[in-house]
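See below for start.cif, which holds mmCIF, C-alpha atoms.
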```cif
data_model
loop_
_atom_site.label_atom_id
_atom_site.label_comp_id
_atom_site.auth_asym_id
_atom_site.auth_seq_id
_atom_site.Cartn_x
_atom_site.Cartn_y
_atom_site.Cartn_z
CA MET A 1 9.25 -18.22 -10.65
CA LEU A 2 10.36 -15.64 -8.12
CA ASP A 3 12.92 -16.57 -5.46
CA THR A 4 15.76 -14.47 -4.06
CA GLY A 5 18.96 -16.07 -5.37
CA SER A 6 19.36 -14.62 -8.90
CA PRO A 7 18.14 -11.71 -11.07
CA TYR A 8 14.36 -11.76 -10.73
CA GLY A 9 14.85 -15.01 -8.80
CA LEU A 10 13.91 -16.71 -12.04
CA ILE A 11 13.97 -20.52 -12.11
CA GLU A 12 13.63 -21.97 -15.57
CA ASN A 13 11.40 -25.06 -15.77
CA GLY A 14 10.66 -24.77 -12.08
CA ILE A 15 8.20 -26.69 -9.94
CA LEU A 16 6.08 -25.59 -7.00
CA ALA A 17 4.60 -28.19 -4.67
CA LEU A 18 1.49 -26.92 -2.85
CA GLU A 19 -0.16 -28.50 0.16
CA GLY A 20 -2.72 -27.19 2.63
CA GLY A 21 -2.62 -23.67 1.23
CA LYS A 22 1.15 -23.48 1.64
CA ILE A 23 4.20 -23.92 -0.56
CA SER A 24 5.72 -27.25 0.38
CA TRP A 25 8.70 -27.16 -2.01
CA VAL A 26 10.05 -24.98 -4.80
CA GLY A 27 12.96 -25.45 -7.16
CA ALA A 28 14.17 -26.66 -10.53
CA GLY A 29 12.22 -29.55 -11.99
CA THR A 30 15.37 -31.65 -12.23
CA GLU A 31 15.79 -31.40 -8.45
CA LEU A 32 12.31 -32.48 -7.38
CA PRO A 33 12.60 -34.71 -4.28
CA PRO A 34 11.28 -38.25 -4.84
CA GLU A 35 8.51 -37.91 -2.25
CA TYR A 36 6.70 -35.55 -4.62
CA SER A 37 6.95 -37.75 -7.71
CA SER A 38 3.49 -39.29 -7.25
CA TRP A 39 1.68 -35.97 -6.70
CA ALA A 40 -0.85 -34.71 -9.26
CA VAL A 41 0.77 -32.32 -11.73
CA GLU A 42 -0.62 -29.19 -13.43
CA ASP A 43 1.45 -28.07 -16.40
CA LEU A 44 1.43 -24.26 -16.68
CA GLY A 45 2.86 -24.27 -20.17
CA GLY A 46 6.01 -22.34 -19.35
CA ARG A 47 4.14 -19.37 -17.90
CA LEU A 48 5.73 -17.05 -15.35
CA VAL A 49 4.75 -17.64 -11.72
CA THR A 50 5.27 -14.89 -9.14
CA PRO A 51 4.04 -14.39 -5.61
CA GLY A 52 0.60 -12.82 -5.49
CA LEU A 53 0.96 -9.06 -5.75
CA ILE A 54 0.65 -6.95 -2.57
CA ASP A 55 -0.70 -3.39 -2.51
CA CYS A 56 0.77 -2.06 0.74
CA HIS A 57 -0.78 1.45 0.77
CA THR A 58 -4.41 2.09 -0.18
CA HIS A 59 -7.37 4.22 0.86
CA VAL A 60 -9.97 2.18 -1.05
CA VAL A 61 -12.79 2.76 1.48
CA PHE A 62 -14.34 6.19 0.97
CA GLY A 63 -17.48 7.99 -0.16
CA GLY A 64 -17.97 10.21 -3.19
CA ASP A 65 -15.37 11.29 -5.74
CA ARG A 66 -13.22 14.34 -6.47
CA ALA A 67 -13.41 14.63 -10.24
CA ARG A 68 -14.07 18.39 -9.98
CA GLU A 69 -10.80 18.84 -8.09
CA PHE A 70 -9.04 17.04 -10.93
CA GLU A 71 -10.41 19.77 -13.19
CA MET A 72 -9.30 22.47 -10.74
CA ARG A 73 -5.74 21.19 -10.73
CA LEU A 74 -5.73 21.15 -14.53
CA GLU A 75 -6.86 24.77 -14.38
CA GLY A 76 -3.80 25.60 -12.28
CA ALA A 77 -4.73 25.07 -8.62
CA SER A 78 -2.16 23.24 -6.49
CA TYR A 79 -3.01 20.33 -4.17
CA GLU A 80 -2.52 22.61 -1.18
CA GLU A 81 -4.70 25.36 -2.70
CA VAL A 82 -7.49 22.84 -3.33
CA ALA A 83 -7.26 21.65 0.27
CA LYS A 84 -7.32 25.18 1.68
CA ALA A 85 -10.41 25.96 -0.42
CA GLY A 86 -12.35 23.21 1.36
CA GLY A 87 -11.56 20.46 -1.10
CA GLY A 88 -9.04 17.71 -0.74
CA ILE A 89 -9.38 15.25 2.09
CA ILE A 90 -12.11 17.28 3.78
CA SER A 91 -14.48 16.98 0.81
CA THR A 92 -14.14 13.19 0.97
CA VAL A 93 -14.74 13.33 4.72
CA LYS A 94 -18.14 14.93 4.12
CA ALA A 95 -19.16 12.22 1.64
CA THR A 96 -17.81 9.39 3.77
CA ARG A 97 -19.60 10.54 6.92
CA THR A 98 -22.96 10.30 5.16
CA ALA A 99 -22.34 6.87 3.61
CA SER A 100 -23.57 3.69 5.29
CA GLU A 101 -21.34 0.69 5.82
CA ASP A 102 -23.14 -1.13 2.99
CA GLU A 103 -22.59 1.81 0.67
CA LEU A 104 -18.92 2.07 1.58
CA LEU A 105 -18.49 -1.66 1.02
CA ALA A 106 -20.18 -1.67 -2.38
CA GLU A 107 -18.05 1.24 -3.60
CA ALA A 108 -14.81 -0.19 -2.21
CA LEU A 109 -15.39 -3.60 -3.78
CA THR A 110 -15.32 -2.09 -7.27
CA ARG A 111 -11.76 -0.95 -6.59
CA VAL A 112 -10.70 -4.10 -4.76
CA ASP A 113 -12.05 -6.30 -7.55
CA ALA A 114 -9.92 -4.37 -10.05
CA LEU A 115 -6.83 -5.07 -7.94
CA ILE A 116 -7.71 -8.75 -7.50
CA ALA A 117 -8.13 -9.07 -11.28
CA GLU A 118 -4.48 -8.05 -11.64
CA GLY A 119 -3.15 -10.71 -9.28
CA VAL A 120 -3.33 -8.87 -5.95
CA THR A 121 -3.70 -11.29 -3.03
CA ALA A 122 -3.07 -8.91 -0.10
CA LEU A 123 -3.66 -5.22 0.49
CA GLU A 124 -3.61 -2.61 3.19
CA ILE A 125 -6.66 -0.39 3.75
CA LYS A 126 -6.60 2.82 5.78
CA SER A 127 -9.27 4.75 7.61
CA GLY A 128 -8.88 8.54 7.74
CA TYR A 129 -11.90 9.89 5.86
CA GLY A 130 -14.17 9.95 8.88
CA LEU A 131 -12.26 12.12 11.35
CA ASP A 132 -14.89 11.37 13.94
CA VAL A 133 -15.12 8.28 16.12
CA GLU A 134 -18.21 6.78 14.49
CA THR A 135 -17.06 7.08 10.87
CA GLU A 136 -13.48 5.96 11.53
CA LEU A 137 -14.86 2.78 13.09
CA ARG A 138 -17.31 2.32 10.22
CA MET A 139 -14.46 2.55 7.70
CA LEU A 140 -12.39 -0.02 9.56
CA ARG A 141 -15.34 -2.40 9.88
CA THR A 142 -15.86 -2.07 6.14
CA ALA A 143 -12.19 -2.86 5.51
CA ARG A 144 -12.44 -5.99 7.67
CA LYS A 145 -15.61 -7.00 5.77
CA ILE A 146 -13.75 -6.82 2.46
CA GLY A 147 -11.42 -9.56 3.67
CA GLU A 148 -14.46 -11.69 4.53
CA VAL A 149 -16.34 -11.34 1.23
CA ARG A 150 -13.36 -11.47 -1.14
CA PRO A 151 -10.43 -13.92 -1.39
CA VAL A 152 -7.81 -11.38 -0.37
CA LEU A 153 -5.84 -10.72 2.81
CA VAL A 154 -6.63 -7.29 4.28
CA ARG A 155 -4.42 -5.40 6.72
CA THR A 156 -5.99 -2.31 8.28
CA SER A 157 -4.31 0.94 9.31
CA PHE A 158 -5.91 3.52 11.59
CA LEU A 159 -5.34 6.93 9.98
CA GLY A 160 -7.24 9.24 12.31
CA ALA A 161 -4.35 11.71 12.06
CA HIS A 162 -5.02 12.28 8.36
CA ALA A 163 -6.42 15.79 8.39
CA ILE A 164 -8.00 18.29 10.75
CA PRO A 165 -11.80 18.36 10.29
CA PRO A 166 -13.53 21.72 9.82
CA GLU A 167 -15.07 21.67 13.29
CA TYR A 168 -11.54 21.55 14.77
CA LYS A 169 -9.92 24.10 12.45
CA GLY A 170 -6.96 25.66 14.25
CA ARG A 171 -7.32 23.17 17.13
CA ALA A 172 -5.34 20.15 16.00
CA ASP A 173 -4.31 19.12 19.50
CA ALA A 174 -7.90 19.25 20.71
CA TYR A 175 -8.87 17.02 17.77
CA LEU A 176 -6.22 14.51 18.79
CA ASP A 177 -7.40 14.58 22.42
CA GLU A 178 -11.13 14.43 21.76
CA VAL A 179 -11.43 12.37 18.57
CA CYS A 180 -8.32 10.75 17.15
CA LEU A 181 -6.86 9.08 20.24
CA PRO A 182 -10.25 7.93 21.61
CA ALA A 183 -11.14 6.55 18.17
CA LEU A 184 -7.87 4.64 18.06
CA ALA A 185 -8.52 3.13 21.47
CA ALA A 186 -12.07 2.15 20.47
CA ALA A 187 -10.90 0.62 17.21
CA HIS A 188 -8.24 -1.36 19.03
CA ASP A 189 -10.81 -2.62 21.52
CA GLU A 190 -12.90 -3.93 18.59
CA GLY A 191 -9.91 -5.64 17.01
CA LEU A 192 -10.11 -3.43 13.93
CA VAL A 193 -6.52 -2.16 13.77
CA ASP A 194 -3.33 -3.80 12.51
CA ALA A 195 -1.19 -0.64 12.36
CA VAL A 196 -1.37 3.12 13.02
CA ASP A 197 -0.64 5.74 10.36
CA GLY A 198 -0.54 9.53 10.18
CA PHE A 199 0.04 12.42 7.76
CA CYS A 200 3.02 14.55 8.79
CA GLU A 201 2.83 17.65 6.63
CA GLY A 202 2.20 21.38 6.78
CA ILE A 203 -1.45 20.89 5.78
CA ALA A 204 -1.91 18.12 8.36
CA PHE A 205 0.03 17.35 11.57
CA THR A 206 3.42 18.33 12.98
CA PRO A 207 6.03 15.79 14.05
CA ASP A 208 5.25 16.52 17.71
CA GLN A 209 1.55 15.84 17.12
CA ILE A 210 2.30 12.62 15.22
CA ALA A 211 4.55 11.56 18.11
CA ARG A 212 1.52 11.75 20.40
CA VAL A 213 -0.36 9.36 18.13
CA PHE A 214 2.63 7.03 17.95
CA GLU A 215 2.94 7.00 21.73
CA LYS A 216 -0.67 5.82 21.95
CA ALA A 217 0.04 3.15 19.33
CA LYS A 218 3.06 2.02 21.35
CA GLU A 219 0.91 1.83 24.48
CA LEU A 220 -1.56 -0.39 22.59
CA GLY A 221 1.19 -2.58 21.13
CA LEU A 222 0.49 -1.53 17.54
CA PRO A 223 3.14 -0.91 14.84
CA VAL A 224 3.26 2.45 13.08
CA LYS A 225 3.82 3.86 9.60
CA LEU A 226 3.68 7.39 8.23
CA HIS A 227 2.84 9.57 5.23
CA ALA A 228 5.99 11.69 5.25
CA GLU A 229 8.03 14.12 3.16
CA GLN A 230 5.45 14.27 0.37
CA LEU A 231 5.21 18.06 0.03
CA SER A 232 8.06 19.25 2.25
CA ASN A 233 10.66 17.91 4.66
CA LEU A 234 9.44 18.09 8.26
CA GLY A 235 11.52 15.17 9.50
CA GLY A 236 8.57 12.80 9.69
CA THR A 237 10.53 9.88 8.28
CA ALA A 238 13.18 10.11 10.99
CA LEU A 239 10.41 10.31 13.58
CA ALA A 240 8.73 7.21 12.18
CA ALA A 241 12.04 5.38 12.06
CA SER A 242 12.66 6.22 15.72
CA TYR A 243 9.49 4.24 16.51
CA GLY A 244 10.64 1.30 14.38
CA ALA A 245 7.98 2.03 11.78
CA LEU A 246 6.96 -0.63 9.30
CA SER A 247 7.27 1.98 6.58
CA ALA A 248 7.47 5.62 5.63
CA ASP A 249 5.49 6.48 2.50
CA HIS A 250 5.67 9.07 -0.33
CA LEU A 251 9.16 10.50 0.51
CA GLU A 252 9.66 12.89 -2.41
CA TYR A 253 11.41 15.43 -0.15
CA LEU A 254 13.35 12.89 1.92
CA ASP A 255 16.97 13.84 2.66
CA GLU A 256 20.01 11.71 3.39
CA ALA A 257 19.48 11.90 7.16
CA GLY A 258 16.00 10.45 6.67
CA VAL A 259 17.31 7.70 4.39
CA SER A 260 19.94 6.83 6.98
CA ALA A 261 17.23 6.65 9.66
CA LEU A 262 15.25 4.20 7.51
CA LYS A 263 18.31 2.03 7.08
CA GLU A 264 18.98 2.04 10.81
CA SER A 265 15.40 1.11 11.72
CA GLY A 266 14.85 -1.39 8.91
CA SER A 267 11.71 0.47 7.84
CA VAL A 268 10.53 0.12 4.25
CA ALA A 269 10.40 3.12 1.90
CA VAL A 270 7.04 2.97 0.10
CA LEU A 271 6.98 5.00 -3.12
CA LEU A 272 3.64 6.11 -4.55
CA PRO A 273 4.05 7.13 -8.19
CA GLY A 274 0.28 7.45 -8.73
CA ALA A 275 0.15 10.52 -6.47
CA PHE A 276 3.30 11.94 -8.06
CA TYR A 277 1.72 11.51 -11.50
CA THR A 278 -1.75 12.82 -10.57
CA LEU A 279 -0.43 15.91 -8.79
CA ARG A 280 2.11 16.54 -11.57
CA GLU A 281 4.91 16.76 -9.02
CA THR A 282 8.48 17.44 -10.06
CA GLN A 283 10.43 16.55 -6.90
CA LEU A 284 11.52 12.94 -7.36
CA PRO A 285 12.03 10.64 -4.36
CA PRO A 286 15.74 10.01 -3.66
CA LEU A 287 15.89 6.55 -5.24
CA ASP A 288 19.66 6.57 -5.69
CA LEU A 289 20.15 7.37 -1.99
CA LEU A 290 17.74 4.60 -1.02
CA ARG A 291 19.70 2.18 -3.20
CA ARG A 292 23.03 3.34 -1.78
CA TYR A 293 21.84 2.75 1.78
CA LYS A 294 20.20 -0.55 0.75
CA VAL A 295 16.79 0.51 2.08
CA ALA A 296 13.95 -1.81 1.04
CA VAL A 297 11.74 0.01 -1.49
CA ALA A 298 8.10 -0.96 -2.06
CA LEU A 299 5.55 0.35 -4.55
CA ALA A 300 1.82 0.84 -3.97
CA THR A 301 -1.17 2.39 -5.70
CA ASP A 302 -2.13 4.84 -2.91
CA CYS A 303 -5.62 4.28 -4.33
CA ASN A 304 -7.65 7.26 -3.09
CA PRO A 305 -10.25 9.67 -4.48
CA GLY A 306 -8.10 12.77 -4.69
CA SER A 307 -4.37 12.46 -5.26
CA SER A 308 -4.19 8.92 -6.71
CA PRO A 309 -7.46 7.55 -8.14
CA LEU A 310 -5.49 4.52 -9.28
CA ALA A 311 -6.64 0.91 -8.89
CA SER A 312 -3.97 -0.81 -10.98
CA LEU A 313 -0.81 -2.17 -9.39
CA LEU A 314 0.50 -3.13 -12.83
CA LEU A 315 0.23 0.48 -14.00
CA THR A 316 1.88 1.53 -10.74
CA MET A 317 4.86 -0.65 -11.66
CA ASN A 318 5.10 0.96 -15.08
CA VAL A 319 4.86 4.49 -13.70
CA GLY A 320 7.43 3.66 -11.00
CA CYS A 321 9.84 2.62 -13.72
CA THR A 322 9.02 5.43 -16.16
CA LEU A 323 8.90 8.37 -13.74
CA PHE A 324 11.08 7.23 -10.82
CA ARG A 325 13.54 5.24 -12.99
CA MET A 326 13.11 2.04 -10.99
CA THR A 327 14.20 -1.10 -12.79
CA PRO A 328 11.50 -3.66 -13.67
CA GLU A 329 13.16 -6.03 -11.21
CA GLU A 330 12.91 -3.42 -8.44
CA ALA A 331 9.29 -2.79 -9.35
CA LEU A 332 8.37 -6.47 -9.16
CA ALA A 333 10.16 -6.85 -5.83
CA GLY A 334 8.41 -3.66 -4.71
CA VAL A 335 4.94 -5.18 -5.12
CA THR A 336 5.91 -8.60 -3.72
CA ARG A 337 8.84 -9.08 -1.34
CA GLU A 338 9.25 -5.47 -0.16
CA ALA A 339 5.51 -4.81 0.02
CA ALA A 340 5.19 -7.85 2.27
CA LYS A 341 7.82 -6.36 4.58
CA ALA A 342 5.90 -3.07 4.68
CA LEU A 343 2.87 -4.95 6.03
CA ASP A 344 4.89 -7.33 8.25
CA LEU A 345 3.68 -10.33 6.24
CA GLY A 346 6.54 -12.73 6.84
CA ASP A 347 4.81 -15.63 5.07
CA ARG A 348 4.14 -13.85 1.78
CA GLY A 349 5.97 -11.98 -0.96
CA THR A 350 8.42 -14.70 -2.02
CA LEU A 351 8.07 -18.23 -3.33
CA GLU A 352 9.67 -20.41 -0.71
CA ALA A 353 8.75 -23.39 1.42
CA CYS A 354 6.24 -22.70 4.23
CA ASN A 355 4.99 -19.47 2.65
CA CYS A 356 1.32 -19.09 1.76
CA ALA A 357 0.43 -20.36 -1.69
CA ASP A 358 -0.65 -16.93 -2.92
CA LEU A 359 0.41 -16.99 -6.56
CA ALA A 360 0.00 -15.03 -9.78
CA ILE A 361 0.44 -16.87 -13.08
CA TRP A 362 1.23 -14.69 -16.08
CA ASN A 363 1.11 -15.00 -19.87
CA VAL A 364 4.51 -13.37 -20.39
CA ARG A 365 7.90 -14.49 -21.66
CA HIS A 366 9.95 -12.36 -19.26
CA PRO A 367 9.22 -10.69 -15.88
CA ALA A 368 10.07 -7.23 -17.30
CA GLU A 369 6.86 -7.41 -19.33
CA LEU A 370 4.85 -6.82 -16.16
CA SER A 371 6.31 -3.30 -15.91
CA TYR A 372 6.79 -2.70 -19.63
CA ARG A 373 3.19 -2.93 -20.80
CA ILE A 374 0.72 -0.09 -20.29
CA GLY A 375 -2.96 -0.84 -19.75
CA PHE A 376 -2.43 -4.54 -20.37
CA ASN A 377 -3.25 -7.30 -17.90
CA ALA A 378 -1.30 -10.49 -18.62
CA LEU A 379 -2.72 -12.44 -15.67
CA GLU A 380 -3.66 -16.02 -16.57
CA LYS A 381 -4.92 -16.90 -13.10
CA ARG A 382 -4.44 -16.15 -9.45
CA LEU A 383 -4.28 -18.50 -6.48
CA PHE A 384 -5.14 -17.42 -2.95
CA GLY A 385 -4.05 -19.97 -0.39
CA GLY A 386 -3.62 -22.43 -3.25
CA LEU A 387 -7.18 -21.96 -4.52
CA GLU A 388 -8.44 -20.15 -7.61
#
```

Now that the file is in, can you turn its structure into structure tokens?
Amino acid sequence: MLDTGSPYGLIENGILALEGGKISWVGAGTELPPEYSSWAVEDLGGRLVTPGLIDCHTHVVFGGDRAREFEMRLEGASYEEVAKAGGGIISTVKATRTASEDELLAEALTRVDALIAEGVTALEIKSGYGLDVETELRMLRTARKIGEVRPVLVRTSFLGAHAIPPEYKGRADAYLDEVCLPALAAAHDEGLVDAVDGFCEGIAFTPDQIARVFEKAKELGLPVKLHAEQLSNLGGTALAASYGALSADHLEYLDEAGVSALKESGSVAVLLPGAFYTLRETQLPPLDLLRRYKVAVALATDCNPGSSPLASLLLTMNVGCTLFRMTPEEALAGVTREAAKALDLGDRGTLEACNCADLAIWNVRHPAELSYRIGFNALEKRLFGGLE
């Protein structure tokens, strides 16, 4: 079982007491308090129990696919070249704008169901493929609906500052004034937003433009996070940290000043090896610096149609270890304890009294197996709020 007091937090022959969808007690079987001795017992046969997995960065709601762009990249085109040729995020925007809420939901559920089948009990879902008021709201309503029709906790992020739509080409500030900021206000009024995100990059928005979005989020009382330092170093991470961001994500080009800013703010560094793998990047995120500064490091799928068409958090753990050289213990913490911090879920991510009884039960002998295996799902069962 996963706690925080030893390597992996492993408790041999441990016991969890569950009541009312919460963890009532956790510890070694020899230390069970007498008041629990008459409770019904389910023997798990020595299986590993971890917190339910948490995917803290996804774009699972979208229309269409970008398989042709996958071919283009294999033929030599870069991610930026694809985007400048009218592909990339903008191609998904076109497909998403024409999709109904029912169509978006049906497509998204195929991806969410794959995550749930691997023990995921909470995930974040972003907007950002509408880039107009109507479609951004439709995406966020779809994300909320997922949490109603599936046993999974959904946290939504407004990502209106994801890309500049064709009709605003060369007029990013006008897009922010006329679409992004009004859409954020409307989404907040409907109760559709848990956090505000942006894409700070040469092909998207400058730090000054992202700051305008963050100021609006601050006015609305919403926390922020940021796609930063994925393709270059524009200082987006330091900007996000200055707003006390929940997280900064991607971070391949992050420098020591940015790492120090994360440490100071307490923001989580979210690494996304699926995008690194798909785009065949070579610039590794500064994991040793993050370790040295003791910055919390989470892992997530970044499930999206273009740069990370990945709907497996278990594979994400393996790739994080193989490509980024994370340890299996760091990877497991990255999809439980640290991922919970990245979504401000204080009652999830660890097995301790008063936390939600979101559990994953695994047919493995050692926690490292969860990162070691490739294309193998060892999940025995999953509990959400104590229920299968």

Output of the PyMOL selection byres ((chain A and resi 120) around 6), listed as a PDB file with C-alpha atoms, keeping the file's coordinate frame:
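Everything below was put into selection_20.pdb:
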```pdb
ATOM      1  CA  GLY A  52       0.600 -12.820  -5.490  1.00  0.00           C
ATOM      2  CA  LEU A  53       0.960  -9.060  -5.750  1.00  0.00           C
ATOM      3  CA  ILE A  54       0.650  -6.950  -2.570  1.00  0.00           C
ATOM      4  CA  LEU A 115      -6.830  -5.070  -7.940  1.00  0.00           C
ATOM      5  CA  ILE A 116      -7.710  -8.750  -7.500  1.00  0.00           C
ATOM      6  CA  GLU A 118      -4.480  -8.050 -11.640  1.00  0.00           C
ATOM      7  CA  GLY A 119      -3.150 -10.710  -9.280  1.00  0.00           C
ATOM      8  CA  THR A 121      -3.700 -11.290  -3.030  1.00  0.00           C
ATOM      9  CA  ALA A 122      -3.070  -8.910  -0.100  1.00  0.00           C
TER      10      ALA A 122
END
```

Open item on the list: Taking (18.9, 5.2, 6.6) in the coordinates of the supplied file, I want to know which residues reach to within 10 Å of it, counting all atoms listed in the file; could you give the answer as a PyMOL selection string?
Closed with: chain A and resi 237-238+241+255-267+269+289-290+292-295

- [ ] List the residues sitting within 10 Å of (-18.6, 1.6, -2.4) in the file's frame, using only C-alpha atoms, as an MDAnalysis selection string.
- [x] chainID A and resid 60:64 96 99:111 142

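Among the candidate residues A:Leu299, A:Leu284, A:Leu379, A:Ala211, the one lying nearest to Leu323 of chain A is A:Leu284, with distances computed using all atoms listed in the file.
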
Task: Close residues, Leu383 of chain A itself excluded, 6 Å, all atoms listed in the file, min 5 positions apart in chain, as an MDAnalysis selection string - done: chainID A and resid 358:359 388

Using only C-alpha atoms, please write the residues we just selected to a file, as a PDB file, in the frame of the given file.
```pdb
ATOM      1  CA  ASP A 358      -0.650 -16.930  -2.920  1.00  0.00           C
ATOM      2  CA  LEU A 359       0.410 -16.990  -6.560  1.00  0.00           C
ATOM      3  CA  GLU A 388      -8.440 -20.150  -7.610  1.00  0.00           C
TER       4      GLU A 388
END
```

Open item on the list: Using Å and a single decimal, report how far atom CA of Val196 of chain A sits from atom CA of Lys218 of chain A.
Closed with: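 About the pair atom CA of Lys218 of chain A and atom CA of Val196 of chain A: they are 9.5 Å apart.
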
Task: Pairwise distance for atom CA of Thr98 of chain A and atom CA of Leu131 of chain A, rounded to one decimal in Å - done: 12.5 Å

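Between atom CA of Leu123 of chain A and atom CA of Leu246 of chain A the separation is 14.5 Å.
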
Determine, using all atoms listed in the file, which residues of segment 232-341 of chain A have any atom at most 12 Å from an atom of segment 203-207 of chain A, and tabulate each with its shortest atom pair and distance in Å to one decimal place, rows ordered by chain and then rising number, as CSV.
```
residue,atom,partner,partner_atom,distance
A:Ser232,CA,A:Ile203,CA,10.3
A:Asn233,CA,A:Pro207,CA,10.7
A:Leu234,CA,A:Pro207,CA,7.1
A:Gly235,CA,A:Pro207,CA,7.2
A:Gly236,CA,A:Pro207,CA,5.9
A:Thr237,CA,A:Pro207,CA,9.4
A:Ala238,CA,A:Pro207,CA,9.6
A:Leu239,CA,A:Pro207,CA,7.0
A:Ala240,CA,A:Pro207,CA,9.2
A:Ser242,CA,A:Pro207,CA,11.8
```

Open item on the list: Which residues, named as in the file, does the PyMOL selection byres ((chain A and resi 250) around 12) pick out? Answer as a PyMOL selection string.
Closed with: chain A and resi 57+199-201+225-233+236-237+247-249+251-254+268-276+281+283-287+297-302+307-308+324

Task: Nearest to Lys381 of chain A, chosen from A:Leu44, A:Ala333, A:Leu18, A:Ala342, with only C-alpha atoms counted in the distances - done: A:Leu44

What's around Arg144 of chain A at 10 Å? Count all atoms listed in the file, leave out sequence neighbours fewer than 3 positions away in its own chain, and write the answer as an mmCIF file with C-alpha atoms, keeping the file's coordinate frame.
```cif
data_model
loop_
_atom_site.group_PDB
_atom_site.id
_atom_site.type_symbol
_atom_site.label_atom_id
_atom_site.label_comp_id
_atom_site.auth_asym_id
_atom_site.auth_seq_id
_atom_site.Cartn_x
_atom_site.Cartn_y
_atom_site.Cartn_z
ATOM 1 C CA LEU A 105 -18.490 -1.660 1.020
ATOM 2 C CA ILE A 125 -6.660 -0.390 3.750
ATOM 3 C CA ARG A 138 -17.310 2.320 10.220
ATOM 4 C CA MET A 139 -14.460 2.550 7.700
ATOM 5 C CA LEU A 140 -12.390 -0.020 9.560
ATOM 6 C CA ARG A 141 -15.340 -2.400 9.880
ATOM 7 C CA GLY A 147 -11.420 -9.560 3.670
ATOM 8 C CA GLU A 148 -14.460 -11.690 4.530
ATOM 9 C CA VAL A 149 -16.340 -11.340 1.230
ATOM 10 C CA LEU A 153 -5.840 -10.720 2.810
ATOM 11 C CA VAL A 154 -6.630 -7.290 4.280
ATOM 12 C CA ARG A 155 -4.420 -5.400 6.720
ATOM 13 C CA THR A 156 -5.990 -2.310 8.280
ATOM 14 C CA GLY A 191 -9.910 -5.640 17.010
ATOM 15 C CA LEU A 192 -10.110 -3.430 13.930
ATOM 16 C CA VAL A 193 -6.520 -2.160 13.770
#
```
